[in-house]
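The block underneath contains the structure these notes are about, expressed in structure tokens.
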Amino acid sequence: MPSNIEIKARVSDLSKMRALAELLCDRPAEVFDQEDIFFAASEGRLKLRILGGQRAELIYYRRLDAAGPKPSHYLIAPTSDPEALKSILTSVLQVVGVVRKRRWLYLVGQTRIHLDDVEGLGTFVELEVVLNHDQSEEEGIAIARELMMRLGIKESQLIEKAYIDLQRTSSRT
């Protein structure tokens, strides 16, 4: 199963974080409107990510809910017929929530920097260091920590949970 090292952190000034990310990247960000539909899974998380209505990815992933750089193991199946896949999945699986966001994607080496404006939750930065098959988790963690420093991400900004978990928690309060 492919792996990456991830961090997620709250961002108080999205424009400032975008400017910092642009300094590290040699090309403009790709911008996506995403809808993530989460389904009940016996372990890990399962979501259908719809990208602009024309395409989607079914994503299964497992990772610990912990602040700081952590491994994530995932499988992705792309589709060009998101409505059909959504119809099948919602017919057989319980929907546990939907997360909508606008995402700015920057690529820096083997790292994907996501700047997310998440509906109802606020703004965040995610780092995903995509590990090569022969690369250790420790190497990925070192890369993530270096980028955290360069982007000015402090330990106090780090969050443990996925957006869906934050959304479900905030809806209970």
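Residue numbering restarts at 1 in every chain; chains get A, B, ... in the order shown in the structure tokens, and ligands count up from 1 in that same order.
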
Can you list, as an MDAnalysis selection string, every protein, DNA or RNA residue that comes within 9 Å of Ile76 in chain A when you count only C-alpha atoms, leaving out same-chain residues fewer than 4 positions away? chainID A and resid 57:61

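Secondary structure by DSSP on the backbone puts the following residues of range 127-170 of chain A in strand (DSSP E): A:Leu127, A:Glu128, A:Val129, A:Val130.
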
Same residues, C-alpha atoms, saved as a PDB file, in the first residue's frame:
```pdb
ATOM      1  CA  LEU A 127       1.777  18.550   3.897  1.00  0.00           C
ATOM      2  CA  GLU A 128       1.890  15.151   2.230  1.00  0.00           C
ATOM      3  CA  VAL A 129       5.406  13.823   1.708  1.00  0.00           C
ATOM      4  CA  VAL A 130       4.873  10.998  -0.801  1.00  0.00           C
TER       5      VAL A 130
END
```

Per DSSP on the backbone, what are the helix (DSSP H, G or I) residues of range 59-110 of chain A, as number ranges by chain? A: 82-92

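Using only C-alpha atoms, the smallest distance between any of A:Phe38, A:Leu46, A:Met149, A:Ile143 and Arg168 in chain A comes from A:Phe38.
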
Do you know which residues are at most 10 Å from range 95-108 of chain A counting only C-alpha atoms, after dropping those on the same chain fewer than 6 positions away, and could you put them as a ChimeraX atom specification? /A:18,21-22,24-41,46-50,89,114-129,147,163-165,167-168

Create the file for the chosen residues now, containing N, CA and C atoms and written as a short mmCIF file (atom, residue, chain, number, x, y, z; two decimals), in the first residue's frame.
```
data_model
loop_
_atom_site.label_atom_id
_atom_site.label_comp_id
_atom_site.auth_asym_id
_atom_site.auth_seq_id
_atom_site.Cartn_x
_atom_site.Cartn_y
_atom_site.Cartn_z
N ARG A 18 -0.18 31.21 1.40
CA ARG A 18 -0.07 31.02 -0.05
C ARG A 18 1.19 31.68 -0.58
N ALA A 21 4.13 29.46 0.33
CA ALA A 21 4.15 28.26 -0.50
C ALA A 21 4.63 28.58 -1.92
N GLU A 22 4.20 29.73 -2.45
CA GLU A 22 4.61 30.12 -3.80
C GLU A 22 6.11 30.36 -3.90
N LEU A 24 8.32 28.59 -2.46
CA LEU A 24 8.96 27.27 -2.48
C LEU A 24 8.70 26.51 -3.77
N CYS A 25 7.72 26.95 -4.52
CA CYS A 25 7.24 26.22 -5.69
C CYS A 25 7.65 26.96 -6.96
N ASP A 26 7.98 26.20 -8.01
CA ASP A 26 8.40 26.85 -9.25
C ASP A 26 7.28 27.00 -10.28
N ARG A 27 6.05 26.70 -9.87
CA ARG A 27 4.91 26.89 -10.77
C ARG A 27 3.70 27.29 -9.95
N PRO A 28 2.69 27.89 -10.58
CA PRO A 28 1.50 28.33 -9.85
C PRO A 28 0.73 27.14 -9.26
N ALA A 29 -0.05 27.44 -8.27
CA ALA A 29 -0.90 26.41 -7.65
C ALA A 29 -1.99 25.97 -8.60
N GLU A 30 -2.39 24.71 -8.46
CA GLU A 30 -3.62 24.24 -9.08
C GLU A 30 -4.71 24.46 -8.04
N VAL A 31 -5.88 24.91 -8.48
CA VAL A 31 -6.97 25.19 -7.55
C VAL A 31 -8.14 24.28 -7.90
N PHE A 32 -8.67 23.60 -6.87
CA PHE A 32 -9.76 22.65 -7.05
C PHE A 32 -10.87 22.94 -6.05
N ASP A 33 -12.10 22.76 -6.48
CA ASP A 33 -13.22 22.67 -5.56
C ASP A 33 -13.48 21.19 -5.38
N GLN A 34 -13.45 20.75 -4.13
CA GLN A 34 -13.58 19.32 -3.84
C GLN A 34 -14.75 19.07 -2.91
N GLU A 35 -15.41 17.96 -3.15
CA GLU A 35 -16.44 17.46 -2.25
C GLU A 35 -16.02 16.05 -1.86
N ASP A 36 -15.81 15.83 -0.56
CA ASP A 36 -15.43 14.52 -0.04
C ASP A 36 -16.63 13.92 0.69
N ILE A 37 -17.13 12.80 0.18
CA ILE A 37 -18.25 12.10 0.81
C ILE A 37 -17.64 10.92 1.56
N PHE A 38 -17.80 10.92 2.88
CA PHE A 38 -17.21 9.87 3.73
C PHE A 38 -18.26 8.80 4.01
N PHE A 39 -17.80 7.55 3.95
CA PHE A 39 -18.65 6.40 4.17
C PHE A 39 -18.19 5.63 5.39
N ALA A 40 -19.13 4.95 6.05
CA ALA A 40 -18.79 4.11 7.19
C ALA A 40 -17.83 3.02 6.72
N ALA A 41 -16.75 2.83 7.47
CA ALA A 41 -15.77 1.79 7.16
C ALA A 41 -15.39 1.08 8.46
N LEU A 46 -12.97 5.89 4.35
CA LEU A 46 -13.30 5.69 2.94
C LEU A 46 -14.06 6.91 2.47
N LYS A 47 -13.56 7.53 1.39
CA LYS A 47 -14.24 8.72 0.87
C LYS A 47 -14.24 8.71 -0.64
N LEU A 48 -15.29 9.31 -1.18
CA LEU A 48 -15.36 9.58 -2.61
C LEU A 48 -15.07 11.07 -2.76
N ARG A 49 -13.97 11.39 -3.41
CA ARG A 49 -13.59 12.79 -3.64
C ARG A 49 -14.02 13.17 -5.04
N ILE A 50 -14.98 14.10 -5.11
CA ILE A 50 -15.46 14.59 -6.41
C ILE A 50 -14.74 15.88 -6.71
N LEU A 89 -22.27 3.69 -4.19
CA LEU A 89 -21.77 3.73 -2.81
C LEU A 89 -22.86 4.15 -1.82
N HIS A 114 -1.04 21.35 0.48
CA HIS A 114 -2.45 21.68 0.27
C HIS A 114 -2.80 22.85 1.18
N LEU A 115 -3.34 23.90 0.60
CA LEU A 115 -3.92 24.99 1.39
C LEU A 115 -5.42 24.89 1.17
N ASP A 116 -6.14 24.67 2.27
CA ASP A 116 -7.56 24.35 2.18
C ASP A 116 -8.41 25.38 2.90
N ASP A 117 -9.45 25.83 2.20
CA ASP A 117 -10.50 26.64 2.81
C ASP A 117 -11.70 25.71 2.92
N VAL A 118 -11.94 25.20 4.14
CA VAL A 118 -12.92 24.15 4.37
C VAL A 118 -14.23 24.77 4.87
N GLU A 119 -15.30 24.47 4.17
CA GLU A 119 -16.62 25.00 4.50
C GLU A 119 -16.97 24.66 5.95
N GLY A 120 -17.25 25.71 6.72
CA GLY A 120 -17.67 25.54 8.11
C GLY A 120 -16.56 25.30 9.11
N LEU A 121 -15.32 25.12 8.65
CA LEU A 121 -14.22 24.82 9.58
C LEU A 121 -13.10 25.86 9.57
N GLY A 122 -12.88 26.52 8.44
CA GLY A 122 -11.80 27.51 8.36
C GLY A 122 -10.70 27.10 7.40
N THR A 123 -9.50 27.61 7.64
CA THR A 123 -8.40 27.41 6.71
C THR A 123 -7.29 26.58 7.35
N PHE A 124 -6.66 25.77 6.49
CA PHE A 124 -5.68 24.79 6.96
C PHE A 124 -4.58 24.63 5.93
N VAL A 125 -3.46 24.09 6.39
CA VAL A 125 -2.39 23.64 5.50
C VAL A 125 -2.15 22.17 5.80
N GLU A 126 -1.96 21.40 4.75
CA GLU A 126 -1.57 19.99 4.87
C GLU A 126 -0.29 19.80 4.09
N LEU A 127 0.59 19.01 4.62
CA LEU A 127 1.78 18.55 3.90
C LEU A 127 1.64 17.05 3.72
N GLU A 128 1.87 16.58 2.51
CA GLU A 128 1.89 15.15 2.23
C GLU A 128 3.21 14.85 1.53
N VAL A 129 4.13 14.24 2.27
CA VAL A 129 5.41 13.82 1.71
C VAL A 129 5.19 12.42 1.16
N LEU A 147 9.92 21.46 5.89
CA LEU A 147 8.92 22.31 5.24
C LEU A 147 8.07 23.05 6.27
N TYR A 163 -10.65 16.31 8.55
CA TYR A 163 -11.70 17.33 8.47
C TYR A 163 -13.06 16.77 8.85
N ILE A 164 -13.36 15.55 8.42
CA ILE A 164 -14.67 14.97 8.73
C ILE A 164 -14.85 14.84 10.24
N ASP A 165 -13.79 14.49 10.96
CA ASP A 165 -13.88 14.35 12.41
C ASP A 165 -14.04 15.71 13.08
N GLN A 167 -15.42 18.29 11.69
CA GLN A 167 -16.79 18.71 11.34
C GLN A 167 -17.81 18.03 12.25
N ARG A 168 -17.64 16.74 12.46
CA ARG A 168 -18.59 16.01 13.31
C ARG A 168 -18.51 16.48 14.75
#
```

Which polymer residues have any atom within 12 Å of an atom of Gln135 in chain A, counting only C-alpha atoms, with same-chain residues fewer than 3 positions away left out, as an mmCIF file with C-alpha atoms, in the first residue's frame?
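Result saved to result_26.cif:
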```cif
data_model
loop_
_atom_site.group_PDB
_atom_site.id
_atom_site.type_symbol
_atom_site.label_atom_id
_atom_site.label_comp_id
_atom_site.auth_asym_id
_atom_site.auth_seq_id
_atom_site.Cartn_x
_atom_site.Cartn_y
_atom_site.Cartn_z
ATOM 1 C CA PRO A 2 1.502 3.415 -0.908
ATOM 2 C CA SER A 3 2.449 5.665 2.021
ATOM 3 C CA ASN A 4 3.090 9.270 2.792
ATOM 4 C CA ILE A 5 3.940 11.358 5.814
ATOM 5 C CA GLN A 110 8.059 14.928 -3.409
ATOM 6 C CA VAL A 129 5.406 13.823 1.708
ATOM 7 C CA VAL A 130 4.873 10.998 -0.801
ATOM 8 C CA LEU A 131 7.370 8.284 0.127
ATOM 9 C CA ASN A 132 9.337 6.437 -2.527
ATOM 10 C CA GLU A 138 12.017 8.865 9.210
ATOM 11 C CA GLU A 139 13.228 10.476 5.957
ATOM 12 C CA GLY A 140 9.683 11.607 5.191
ATOM 13 C CA ILE A 141 9.278 13.023 8.689
ATOM 14 C CA ALA A 142 12.524 14.993 8.290
ATOM 15 C CA ILE A 143 11.268 16.454 4.989
#
```

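Taking only C-alpha atoms into account, Pro71 in chain A lies nearest to A:Met1 out of the set A:Gly152, A:Glu146, A:Gln157, A:Met1.
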
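Nearest to Lys16 in chain A of all the residues A:Ile159, A:Ile153, A:Leu51, A:Ile88 is A:Ile153, counting only C-alpha atoms.
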
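Shortest separation to Ala77 in chain A among A:Arg55, A:Lys161, A:Arg63, A:Leu20 occurs at residue A:Arg55, atoms counted being only C-alpha atoms.
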